[in-house]
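J.: Pasting a structure below so you can have a look.
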Amino acid sequence: MATMLFQGHGSYRFTLDDSTVIYVDPFFGDEYELEADLVLVTHRHFDHDAVDKMPRAPGCVVIWPEDLHPTSDEYLSKTSHGVKIQAVQAYNAHHPSDECVGYVLELDGKSFYASGDTDMTEDMKSGKLAAMNLDYATFPCDGAYNMDAAGASECAKLVGAKHNIPVHEVPIDSADATVAEYDEAKLEAFQAPGRIILTPGAELHL
């Protein structure tokens with residue numbers, strides 16, 4: 001069973017049954033003591049791509065958005081450390097579609113949608129993500145650089161994951177900004193089946 005550590009904002013870490021350690025969009029939080037085997041970056045903004053925050057194990061693989069999204073209309077998949085990674089659409093007015101991705105991960109028998117920064121996408125509206133019968137999904141809801149909680153709730157309904165997690169609810173304007181760790185009101189405003197609200201430092205067993 002994989003364990004997710006929510007570091008806050010859009011940053012989280014998975015530890016798998018075989019002790020593989022995966023970081024997604026590293027930036028927020030202080031819990032980067034475990035050596036990374038795999039690092040996934042959804043886009044190259046400072047609050048998602050701090051790949052030097054953690055030590056890396058020998059053979060660590062860092063996947064950047066362009067690795068699985070090499071052209072404007074192509075989204076690729078890859079398997080690394082036993083984890084299947086499928087890139088999917090992510091975009092909005094602040095995040096160009098050719099520079100950003102979401103990732104659907106298959107780890108320890110569970111599927112997890114790491115949406116990155118996005119609004120509603122064609123992959124959501126077309127039913128492509130719903131057809132994957134996802135176990136878990138994350139959605140940003142800051143209402144500044146991404147959709148708000150209402151928009152994230154609509155996206156969650158379209159994606160249809162069994163469990164839905166609101167993240168990235170506080171906009172961060174600079175790497176030196178001092179921000180609240182989370183905004184409880186925005187998290188509570190997110191309404192979706194199987195909602196799971198995580199505060200920074202919380203763990204979730206998938």
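Just so we're on the same page: first chain in the structure tokens is A, next is B, and so on; residues restart at 1 for each chain, and ligands are numbered from 1 in the order they show up.
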Name all residues at most 6 Å from Val21 (chain A) (count only C-alpha atoms; drop same-chain ones fewer than 2 positions away) and give them as a PDB file with N, CA and C atoms, in the first residue's frame.
T.:
ATOM      1  N   PHE A  14       5.169  10.191  -2.266  1.00  0.00           N
ATOM      2  CA  PHE A  14       4.677   8.826  -2.116  1.00  0.00           C
ATOM      3  C   PHE A  14       5.823   7.925  -1.666  1.00  0.00           C
ATOM      4  N   THR A  15       5.517   7.027  -0.740  1.00  0.00           N
ATOM      5  CA  THR A  15       6.437   5.951  -0.386  1.00  0.00           C
ATOM      6  C   THR A  15       5.725   4.642  -0.682  1.00  0.00           C
ATOM      7  N   ALA A  36      15.150  10.651  -3.059  1.00  0.00           N
ATOM      8  CA  ALA A  36      14.194  10.475  -4.153  1.00  0.00           C
ATOM      9  C   ALA A  36      14.663   9.401  -5.120  1.00  0.00           C
ATOM     10  N   ASP A  37      13.749   8.516  -5.479  1.00  0.00           N
ATOM     11  CA  ASP A  37      13.987   7.582  -6.581  1.00  0.00           C
ATOM     12  C   ASP A  37      13.383   8.111  -7.875  1.00  0.00           C
TER      13      ASP A  37
END
J.: Out of region 43-79 of chain A, which residues get alpha helix (DSSP H) from DSSP, as a PyMOL selection string?
T.: chain A and resi 65-68
J.: Residues near Ala87 (chain A), anyone? I mean within 10 Å using only C-alpha atoms, not counting same-chain ones fewer than 2 positions away, as a PyMOL selection string.
T.: chain A and resi 42+65-69+74-78+85+89-90+100-105+113-115
J.: Find the residues near Phe27 (chain A): any atom within 9 Å, counting only C-alpha atoms, skip ones fewer than 6 places away on the same chain, and give them as a PDB file with C-alpha atoms, in the first residue's frame.
T.:
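Result written to out37.pdb:
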ATOM      1  CA  GLN A   7       3.701  18.531   2.160  1.00  0.00           C
ATOM      2  CA  GLY A   8       1.344  21.405   1.398  1.00  0.00           C
ATOM      3  CA  HIS A   9       0.438  23.619  -1.572  1.00  0.00           C
ATOM      4  CA  GLY A  10       0.900  21.345  -4.613  1.00  0.00           C
ATOM      5  CA  SER A  11       3.746  19.255  -3.169  1.00  0.00           C
ATOM      6  CA  PHE A  46       9.176  27.904  -8.937  1.00  0.00           C
ATOM      7  CA  ASP A  47       6.445  26.501  -6.679  1.00  0.00           C
ATOM      8  CA  HIS A  48       6.482  23.140  -8.480  1.00  0.00           C
ATOM      9  CA  ASP A  49      10.018  22.439  -9.666  1.00  0.00           C
ATOM     10  CA  ALA A  50      12.339  22.730  -6.649  1.00  0.00           C
ATOM     11  CA  VAL A  51      14.041  19.456  -7.518  1.00  0.00           C
ATOM     12  CA  LYS A  53      15.222  20.280  -2.187  1.00  0.00           C
ATOM     13  CA  ALA A 175       9.695  31.914  -3.809  1.00  0.00           C
TER      14      ALA A 175
END
J.: Taking only C-alpha atoms into account, which of A:Gly151, A:Pro96, A:Pro140, A:Gly82 comes nearest Met120 (chain A)?
T.: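 Among the listed residues, the smallest separation from Met120 (chain A) belongs to A:Gly151.
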J.: So that I can see what lies close to Gln191 (chain A), please list as a PyMOL selection string the residues with an atom at most 9 Å from it, counting only C-alpha atoms and leaving out residues fewer than 3 positions away in the same chain.
T.: chain A and resi 149-150+152-154+156+164+187-188+195
J.: Generate a file of the selected residues that holds all heavy atoms, formatted as a short mmCIF file (atom, residue, chain, number, x, y, z; two decimals), in the first residue's frame.
T.:
data_model
loop_
_atom_site.label_atom_id
_atom_site.label_comp_id
_atom_site.auth_asym_id
_atom_site.auth_seq_id
_atom_site.Cartn_x
_atom_site.Cartn_y
_atom_site.Cartn_z
N ALA A 149 -12.64 26.94 -6.00
CA ALA A 149 -13.16 25.69 -5.45
C ALA A 149 -14.39 25.20 -6.21
O ALA A 149 -14.57 23.99 -6.40
CB ALA A 149 -13.49 25.87 -3.98
N ALA A 150 -15.22 26.14 -6.68
CA ALA A 150 -16.41 25.73 -7.45
C ALA A 150 -16.00 25.08 -8.76
O ALA A 150 -16.55 24.04 -9.17
CB ALA A 150 -17.31 26.94 -7.70
N ALA A 152 -13.12 23.63 -9.39
CA ALA A 152 -12.47 22.36 -9.07
C ALA A 152 -13.51 21.29 -8.76
O ALA A 152 -13.35 20.11 -9.13
CB ALA A 152 -11.52 22.54 -7.89
N SER A 153 -14.60 21.69 -8.11
CA SER A 153 -15.68 20.74 -7.80
C SER A 153 -16.31 20.21 -9.08
O SER A 153 -16.61 19.00 -9.19
CB SER A 153 -16.74 21.42 -6.93
OG SER A 153 -16.19 21.88 -5.72
N GLU A 154 -16.51 21.08 -10.07
CA GLU A 154 -17.07 20.65 -11.35
C GLU A 154 -16.12 19.68 -12.05
O GLU A 154 -16.55 18.68 -12.63
CB GLU A 154 -17.35 21.86 -12.23
CG GLU A 154 -18.53 22.70 -11.77
CD GLU A 154 -19.83 21.89 -11.74
OE1 GLU A 154 -20.11 21.18 -12.73
OE2 GLU A 154 -20.54 21.96 -10.72
N ALA A 156 -13.94 17.72 -10.64
CA ALA A 156 -13.95 16.45 -9.91
C ALA A 156 -15.14 15.58 -10.32
O ALA A 156 -15.01 14.36 -10.46
CB ALA A 156 -13.98 16.72 -8.41
N ASN A 164 -11.34 12.45 -3.87
CA ASN A 164 -10.94 13.72 -4.46
C ASN A 164 -10.32 14.63 -3.41
O ASN A 164 -10.88 14.80 -2.32
CB ASN A 164 -12.14 14.39 -5.11
CG ASN A 164 -12.68 13.58 -6.28
OD1 ASN A 164 -12.10 13.62 -7.36
ND2 ASN A 164 -13.76 12.84 -6.07
N LEU A 187 -10.76 24.99 1.13
CA LEU A 187 -10.80 23.53 1.11
C LEU A 187 -12.21 23.02 1.38
O LEU A 187 -12.68 22.08 0.72
CB LEU A 187 -9.83 22.97 2.15
CG LEU A 187 -8.35 23.28 1.93
CD1 LEU A 187 -7.53 22.75 3.09
CD2 LEU A 187 -7.86 22.69 0.62
N GLU A 188 -12.91 23.63 2.32
CA GLU A 188 -14.27 23.20 2.65
C GLU A 188 -15.24 23.52 1.51
O GLU A 188 -16.26 22.85 1.34
CB GLU A 188 -14.74 23.87 3.94
CG GLU A 188 -14.02 23.37 5.19
CD GLU A 188 -14.38 21.93 5.54
OE1 GLU A 188 -15.38 21.41 5.01
OE2 GLU A 188 -13.66 21.33 6.36
N ARG A 195 -14.56 13.17 -0.86
CA ARG A 195 -13.62 14.26 -0.58
C ARG A 195 -12.71 13.92 0.59
O ARG A 195 -13.14 13.42 1.61
CB ARG A 195 -14.39 15.54 -0.26
CG ARG A 195 -13.49 16.75 -0.05
CD ARG A 195 -14.28 17.97 0.37
NE ARG A 195 -14.80 17.83 1.74
CZ ARG A 195 -15.42 18.80 2.40
NH1 ARG A 195 -15.64 19.97 1.81
NH2 ARG A 195 -15.85 18.60 3.63
#
J.: Which of these, A:Asp25, A:Asp98, A:Asp117, A:Asp30, has the shortest distance to Ile63 (chain A) once you count only C-alpha atoms?
T.: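 Of A:Asp25, A:Asp98, A:Asp117, A:Asp30, the one nearest Ile63 (chain A) is A:Asp25, counting only C-alpha atoms.
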J.: Which is closer to Ala2 (chain A) than all the others in A:Leu204, A:Ala93, A:Met124, A:Ala161, using only C-alpha atoms?
T.: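 Closest to Ala2 (chain A) of all the choices is A:Leu204.
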J.: Tell me which of A:Ala192, A:Val83, A:Met4, A:Val167 sits closest to Asp108 (chain A), counting only C-alpha atoms.
T.: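 When distances to Asp108 (chain A) are compared using only C-alpha atoms, the smallest one comes from A:Val83.
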J.: CA of Lys128 (chain A) and CA of Gln86 (chain A) are how many Å apart?
T.: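 Between these atoms lies a distance of 12.2 Å.
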